[in-house]
file final_14.cif (mmCIF, C-alpha atoms)
data_query
loop_
_atom_site.label_atom_id
_atom_site.label_comp_id
_atom_site.auth_asym_id
_atom_site.auth_seq_id
_atom_site.Cartn_x
_atom_site.Cartn_y
_atom_site.Cartn_z
CA MET F 23 105.26 135.11 104.69
CA LYS F 24 105.76 132.34 107.21
CA LEU F 25 106.39 129.41 104.95
CA ARG F 26 109.00 126.98 106.23
CA VAL F 27 111.14 125.01 103.84
CA TYR F 28 112.87 121.77 104.87
CA ASP F 29 115.23 119.45 103.06
CA TRP F 30 113.76 115.98 103.19
CA ARG F 31 114.79 112.45 102.28
CA PHE F 32 111.75 110.80 100.71
CA ARG F 33 111.31 107.04 100.50
CA ASP F 34 109.37 107.42 97.28
CA ARG F 35 111.88 108.42 94.59
CA ARG F 36 109.16 110.12 92.55
CA LEU F 37 108.22 112.62 95.24
CA GLU F 38 109.82 116.03 95.01
CA ALA F 39 107.82 118.01 97.54
CA ILE F 40 105.17 117.74 100.21
CA TYR F 41 103.23 120.77 101.34
CA VAL F 42 101.51 120.87 104.73
CA GLU F 43 99.47 123.81 105.99
CA ASP F 44 97.66 122.38 108.96
CA PRO F 45 98.50 123.41 111.64
CA GLU F 46 99.84 126.78 110.57
CA PRO F 47 102.43 128.02 109.74
CA ALA F 48 102.69 126.06 106.51
CA SER F 49 105.73 123.93 105.74
CA VAL F 50 107.12 122.30 102.68
CA ALA F 51 109.52 119.37 102.46
CA LEU F 52 111.71 119.44 99.36
CA ARG F 53 113.68 116.43 98.19
CA GLU F 54 117.21 117.01 99.40
CA ASP F 55 118.97 116.05 96.18
CA LEU F 56 116.88 118.17 93.80
CA SER F 57 118.76 120.09 91.16
CA PRO F 58 118.86 123.86 91.86
CA GLU F 59 116.46 124.53 88.97
CA ALA F 60 113.92 121.94 90.12
CA ARG F 61 114.24 123.17 93.67
CA ARG F 62 113.60 126.75 92.63
CA ALA F 63 110.59 125.68 90.57
CA ARG F 64 109.11 123.73 93.47
CA GLU F 65 109.69 126.60 95.87
CA LEU F 66 107.98 129.06 93.56
CA GLU F 67 105.08 126.68 93.08
CA VAL F 68 104.60 126.26 96.80
CA ARG F 69 104.95 129.96 97.52
CA GLY F 70 102.30 130.64 94.90
CA TYR F 71 100.07 128.06 96.48
CA TYR F 72 100.70 129.48 99.94
CA SER F 73 100.08 133.13 99.03
CA SER F 74 97.09 132.64 96.71
CA PRO F 75 95.42 129.27 97.21
CA ARG F 76 92.30 130.47 95.42
CA SER F 77 94.12 130.60 92.13
CA PHE F 78 94.70 126.85 92.50
CA GLY F 79 90.99 126.18 92.91
CA LYS F 80 91.18 125.73 96.65
CA ARG F 81 88.89 127.29 99.34
CA MET W 21 78.76 124.06 48.99
CA LEU W 22 76.89 121.73 46.61
CA SER W 23 74.96 119.65 49.05
CA ALA W 24 75.19 118.53 52.62
CA LEU W 25 74.42 115.51 54.75
CA ASP W 26 72.61 116.20 57.99
CA HIS W 27 73.56 114.00 60.84
CA ARG W 28 72.23 114.18 64.39
CA ASN W 29 74.82 113.40 67.02
CA PRO W 30 73.97 111.76 70.38
CA ALA W 31 73.76 115.16 72.07
CA GLY W 32 71.00 116.15 69.67
CA ASN W 33 73.01 118.81 67.83
CA CYS W 34 72.63 118.88 64.09
CA ILE W 35 75.91 118.69 62.22
CA SER W 36 76.10 119.59 58.54
CA ILE W 37 79.02 118.13 56.66
CA PRO W 38 79.67 118.93 52.99
CA LEU W 39 79.52 115.81 50.81
CA ASP W 40 82.76 116.55 49.00
CA LEU W 41 84.50 116.68 52.36
CA LEU W 42 82.99 113.35 53.32
CA THR W 43 84.18 111.71 50.11
CA ASP W 44 87.64 113.05 50.79
CA ILE W 45 87.66 111.74 54.32
CA SER W 46 86.26 108.31 53.54
CA GLY W 47 88.93 107.92 50.88
CA THR W 48 91.93 108.90 52.94
CA LEU W 49 91.08 108.35 56.58
CA ARG W 50 89.43 104.95 56.78
CA GLY W 51 88.90 104.00 60.39
CA ALA W 52 90.76 107.07 61.60
CA CYS W 53 89.45 109.77 63.90
CA TYR W 54 89.41 113.42 63.00
CA ARG W 55 88.03 116.59 64.46
CA ILE W 56 85.73 119.19 63.01
CA PHE W 57 86.73 122.32 64.82
CA ARG W 58 83.67 124.32 63.91
CA TYR W 59 81.48 122.11 66.08
CA ASN W 60 84.18 121.31 68.58
CA THR W 61 83.41 117.65 68.49
CA THR W 62 85.26 114.48 67.64
CA MET W 63 83.94 112.33 64.85
CA ALA W 64 84.86 108.78 63.94
CA LEU W 65 84.16 106.88 60.75
CA VAL W 66 82.57 103.53 61.45
CA GLU W 67 83.25 100.90 58.81
CA SER W 68 84.22 103.68 56.41
CA THR W 69 80.63 104.63 55.66
CA PRO W 70 79.79 108.31 56.06
CA GLU W 71 76.27 107.46 57.20
CA ASN W 72 77.69 105.90 60.31
CA LEU W 73 79.52 108.98 61.49
CA ARG W 74 79.26 109.29 65.23
CA ALA W 75 80.41 111.79 67.78
CA LEU W 76 82.69 110.53 70.50
CA SER W 77 82.08 111.57 74.07
CA GLU W 78 83.92 114.46 75.69
CA HIS W 79 85.79 112.01 77.87
CA ARG W 80 86.98 109.92 74.96
CA ARG W 81 88.05 113.01 73.07
CA ALA W 82 90.06 114.31 76.00
CA ASP W 83 91.65 110.90 76.31
CA MET W 84 92.68 110.83 72.68
CA LEU W 85 94.14 114.29 72.85
CA HIS W 86 96.22 113.81 75.95
CA THR W 87 97.30 110.22 76.39
CA ASN W 88 97.33 106.78 74.89
CA LYS W 89 97.43 105.04 78.27
CA PRO W 90 94.38 103.12 79.54
CA ARG W 91 91.64 105.21 81.05
CA GLY W 92 89.98 104.81 84.42
CA ARG W 93 92.98 105.39 86.63
CA GLU W 94 95.02 108.28 87.87
CA LEU W 95 98.16 108.04 85.84
CA GLY W 96 101.49 107.87 87.54
CA LEU W 97 100.15 107.58 91.07
CA ALA W 98 100.21 103.92 91.88
CA GLU W 99 102.08 102.79 88.75
CA GLU W 100 101.88 99.02 88.57
CA GLY W 101 102.07 98.25 92.27
CA HIS W 102 99.52 98.42 95.05
CA THR W 103 98.29 101.69 96.45
CA TYR W 104 98.64 102.21 100.17
CA PHE W 105 95.03 101.04 100.50
CA GLY W 106 95.87 97.95 98.48
CA TYR W 107 98.86 97.25 100.68
CA VAL W 108 96.78 97.47 103.88
CA PHE W 109 93.87 95.49 102.43
CA ASP W 110 96.21 92.76 101.18
CA LYS W 111 97.98 92.62 104.54
CA PHE W 112 94.69 92.05 106.39
CA LEU W 113 93.49 89.49 103.86
CA GLU W 114 96.70 87.50 104.20
CA SER W 115 96.62 87.66 107.98
CA ARG W 116 93.23 85.88 107.88
CA GLY W 117 94.24 83.37 105.24
CA TYR W 118 92.25 85.03 102.47
CA ASN W 119 93.33 86.23 99.05
CA GLN W 120 91.55 88.35 96.45
CA SER W 121 89.64 85.39 95.00
CA THR W 122 88.55 83.85 98.29
CA PHE W 123 87.53 87.26 99.64
CA ALA W 124 85.42 87.90 96.53
CA ALA W 125 83.92 84.41 96.83
CA GLU W 126 83.08 85.01 100.48
CA CYS W 127 81.36 88.29 99.56
CA GLN W 128 79.30 86.43 96.97
CA ARG W 129 78.45 83.66 99.42
CA ARG W 130 77.17 86.22 101.92
CA GLY W 131 75.29 88.16 99.26
CA PHE W 132 77.46 91.27 99.61
CA LYS W 133 77.05 93.34 96.46
CA VAL W 134 78.27 96.74 95.29
CA GLY W 135 76.71 99.41 93.09
CA ARG W 136 73.73 101.67 93.30
CA PRO W 137 70.22 100.31 93.78
CA GLY W 138 68.97 98.67 90.61
CA LYS W 139 72.50 98.18 89.29
CA GLN W 140 74.00 96.04 92.00
CA ARG W 141 76.59 93.47 91.08
CA ASP W 142 78.61 90.73 92.71
CA ILE W 143 82.18 91.38 93.74
CA GLY W 144 84.73 89.56 91.60
CA GLN W 145 88.46 88.98 92.05
CA ARG W 146 89.15 91.46 89.24
CA SER W 147 87.30 94.20 91.13
CA VAL W 148 89.31 93.56 94.29
CA SER W 149 92.52 93.70 92.26
CA ASP W 150 91.49 96.97 90.61
CA TRP W 151 90.76 98.59 93.99
CA MET W 152 94.12 97.48 95.31
CA HIS W 153 96.01 98.85 92.33
CA GLY W 154 94.13 102.16 92.31
CA LYS W 155 92.59 101.46 88.90
CA THR W 156 89.08 102.04 90.22
CA ALA W 157 87.83 103.58 93.45
CA CYS W 158 86.80 101.13 96.14
CA PRO W 159 83.01 101.36 96.71
CA ARG W 160 81.86 102.71 100.03
CA GLU W 161 80.22 99.43 101.11
CA VAL W 162 83.47 97.50 101.05
CA PRO W 163 84.96 98.60 104.40
CA THR W 164 81.82 97.32 106.13
CA TYR W 165 81.96 94.05 104.19
CA ALA W 166 85.66 93.68 104.98
CA ASP W 167 84.95 94.25 108.67
CA ALA W 168 82.18 91.66 108.64
CA ILE W 169 84.41 89.06 106.99
CA LEU W 170 87.79 89.84 108.53
CA ASP W 171 86.51 90.91 111.96
CA PHE W 172 88.85 93.88 112.51
CA SER W 173 90.04 94.96 115.92
CA GLU W 174 89.56 98.64 116.71
CA GLU W 175 93.15 99.44 115.72
CA GLU W 176 92.89 97.49 112.49
CA TRP W 177 89.61 99.20 111.66
CA ASN W 178 91.26 102.60 112.12
CA GLU W 179 94.17 101.61 109.91
CA PHE W 180 91.86 100.26 107.23
CA ALA W 181 89.66 103.36 107.38
CA LEU W 182 92.66 105.69 107.10
CA ALA W 183 93.96 103.75 104.12
CA TYR W 184 90.52 103.73 102.53
CA ALA W 185 90.04 107.48 102.99
CA TYR W 186 93.51 108.74 102.05
CA GLY W 187 95.47 105.89 100.50
CA GLN W 188 93.64 105.02 97.30
CA THR W 189 95.68 107.22 95.00
CA LEU W 190 99.13 106.93 96.54
CA PRO W 191 101.69 104.16 96.64
CA LYS W 192 102.78 102.96 100.08
CA ASP W 193 106.08 104.85 100.14
CA ALA W 194 104.51 108.17 99.22
CA PHE W 195 101.79 107.72 101.80
CA GLU W 196 104.34 106.99 104.51
CA ASP W 197 106.42 110.00 103.47
CA LEU W 198 103.36 112.17 103.79
CA VAL W 199 102.44 110.84 107.23
CA GLU W 200 106.03 111.12 108.44
CA PHE W 201 106.39 114.73 107.34
CA ARG W 202 103.04 115.67 108.88
CA GLU W 203 104.13 114.14 112.18
CA PHE W 204 107.44 115.99 112.01
CA HIS W 205 105.63 119.25 111.25
CA ARG W 206 103.26 118.86 114.20
CA ALA W 207 106.02 117.83 116.60
CA LYS W 208 108.22 120.75 115.54
CA LEU W 209 105.44 123.28 116.07
CA GLY W 210 104.56 121.69 119.43
CA GLU W 211 108.16 122.00 120.60
CA GLU W 212 108.36 125.62 119.56
CA ARG W 213 105.15 126.47 121.39
CA LYS W 214 106.46 124.83 124.55
CA LYS W 215 109.70 126.80 124.31
CA LYS W 216 107.81 130.03 123.85
CA SER W 217 105.57 129.43 126.83
CA ARG W 218 108.63 128.59 128.97
CA THR W 219 110.43 131.81 128.03
CA ARG W 220 107.31 133.85 128.80
CA LYS W 221 107.04 132.27 132.23
CA GLY W 222 110.78 132.65 132.88
#

call {"tool": "encode", "arguments": {"input": "final_14.cif", "output": "structure tokens"}}
result
Amino acid sequence: MKLRVYDWRFRDRRLEAIYVEDPEPASVALREDLSPEARRARELEVRGYYSSPRSFGKR
Amino acid sequence: MLSALDHRNPAGNCISIPLDLLTDISGTLRGACYRIFRYNTTMALVESTPENLRALSEHRRADMLHTNKPRGRELGLAEEGHTYFGYVFDKFLESRGYNQSTFAAECQRRGFKVGRPGKQRDIGQRSVSDWMHGKTACPREVPTYADAILDFSEEEWNEFALAYAYGQTLPKDAFEDLVEFREFHRAKLGEERKKKSRTRKG
């Protein structure tokens, strides 16, 4: 799986993650000061989205 | 059951409700809403008279079940401030000496209306405000009207179009974060491709 994960400093305090898949390989920016639990949850969410986008109603 | 009252709801489905149940409800739940699970519909008592039972729409029912906040907007996206589209629109209005009211008045003066044929309406200040705050979607005619009134340059037109297409559900900061990360992503991949092609040649 070629998903890249970056720590990111968002301007908007409510954003926790941004997922980009065009162009490939896909990348995700995770808020740098997320708690470990929130970070793990976001990573799992994005990996699920990356590996099976159909289950999220996409494509 | 002793007897039943037949009531036809707006969808045309016949609902039978036992009278003793109705008496119970009218006594204890005046003006309140309750659900009858068997028919999967939401009923409301109007003026406490069982004859005026009416089914609420699916949309209203979903709203009651999930949130008390006002409908017609995507919750938590723009909050109380402008969306990115609102920010760009407002910026261009100000740069030409317009505000929401004068822009709406200018649209009316020129006969610019929105809505589908047969249901067209004038543009009011409230509508412009709702578009800017992401409370309602901006109608597709508006970019053309804005161009006619504000006389955009090519760059401004592109900025307005981008904001119209992608910025109606995001606040400014979130939109800029998104654009910034996309640019970073593209630049990073571009760099890596260049490096790869160099090593192949070398």

call {"tool": "resolve_selection", "arguments": {"input": "final_14.cif", "expression": "the PyMOL selection byres ((chain F and resi 34) around 10)", "output": "PDB file with C-alpha atoms, in the frame of the given file"}}
result
ATOM      1  CA  ARG F  31     114.790 112.450 102.280  1.00  0.00           C
ATOM      2  CA  PHE F  32     111.750 110.800 100.710  1.00  0.00           C
ATOM      3  CA  ARG F  33     111.310 107.040 100.500  1.00  0.00           C
ATOM      4  CA  ARG F  35     111.880 108.420  94.590  1.00  0.00           C
ATOM      5  CA  ARG F  36     109.160 110.120  92.550  1.00  0.00           C
ATOM      6  CA  LEU F  37     108.220 112.620  95.240  1.00  0.00           C
ATOM      7  CA  GLU F  38     109.820 116.030  95.010  1.00  0.00           C
TER       8      GLU F  38
ATOM      9  CA  PRO W 191     101.690 104.160  96.640  1.00  0.00           C
ATOM     10  CA  LYS W 192     102.780 102.960 100.080  1.00  0.00           C
ATOM     11  CA  ASP W 193     106.080 104.850 100.140  1.00  0.00           C
ATOM     12  CA  ALA W 194     104.510 108.170  99.220  1.00  0.00           C
ATOM     13  CA  PHE W 195     101.790 107.720 101.800  1.00  0.00           C
ATOM     14  CA  GLU W 196     104.340 106.990 104.510  1.00  0.00           C
ATOM     15  CA  ASP W 197     106.420 110.000 103.470  1.00  0.00           C
TER      16      ASP W 197
END

call {"tool": "interface_residues", "arguments": {"input": "final_14.cif", "of": "chain W", "to": "chain F", "cutoff": "12 Å", "atoms": "only C-alpha atoms", "output": "list of chain:residue names"}}
result
W:Gly96, W:Leu97, W:Ala98, W:Glu99, W:Leu190, W:Pro191, W:Lys192, W:Asp193, W:Ala194, W:Phe195, W:Glu196, W:Asp197, W:Leu198, W:Val199, W:Glu200, W:Phe201, W:Arg202, W:Glu203, W:Phe204, W:His205, W:Arg206, W:Ala207, W:Lys208, W:Leu209, W:Gly210, W:Glu212

call {"tool": "residues_around", "arguments": {"input": "final_14.cif", "residues": "segment 103-106 of chain W", "least_positions_apart": "6", "cutoff": "6 Å", "atoms": "all atoms listed in the file", "output": "list in words"}}
result
Met152, His153, Gly154, Ala183, Tyr184, Gly187, Gln188, Leu190, Pro191 and Lys192 of chain W

call {"tool": "atom_distance", "arguments": {"input": "final_14.cif", "atom1": "atom CA of Val68 of chain F", "atom2": "atom CA of Asp29 of chain F"}}
result
14.1 Å

call {"tool": "atom_distance", "arguments": {"input": "final_14.cif", "atom1": "atom CA of Asp167 of chain W", "atom2": "atom CA of Leu113 of chain W"}}
result
10.9 Å
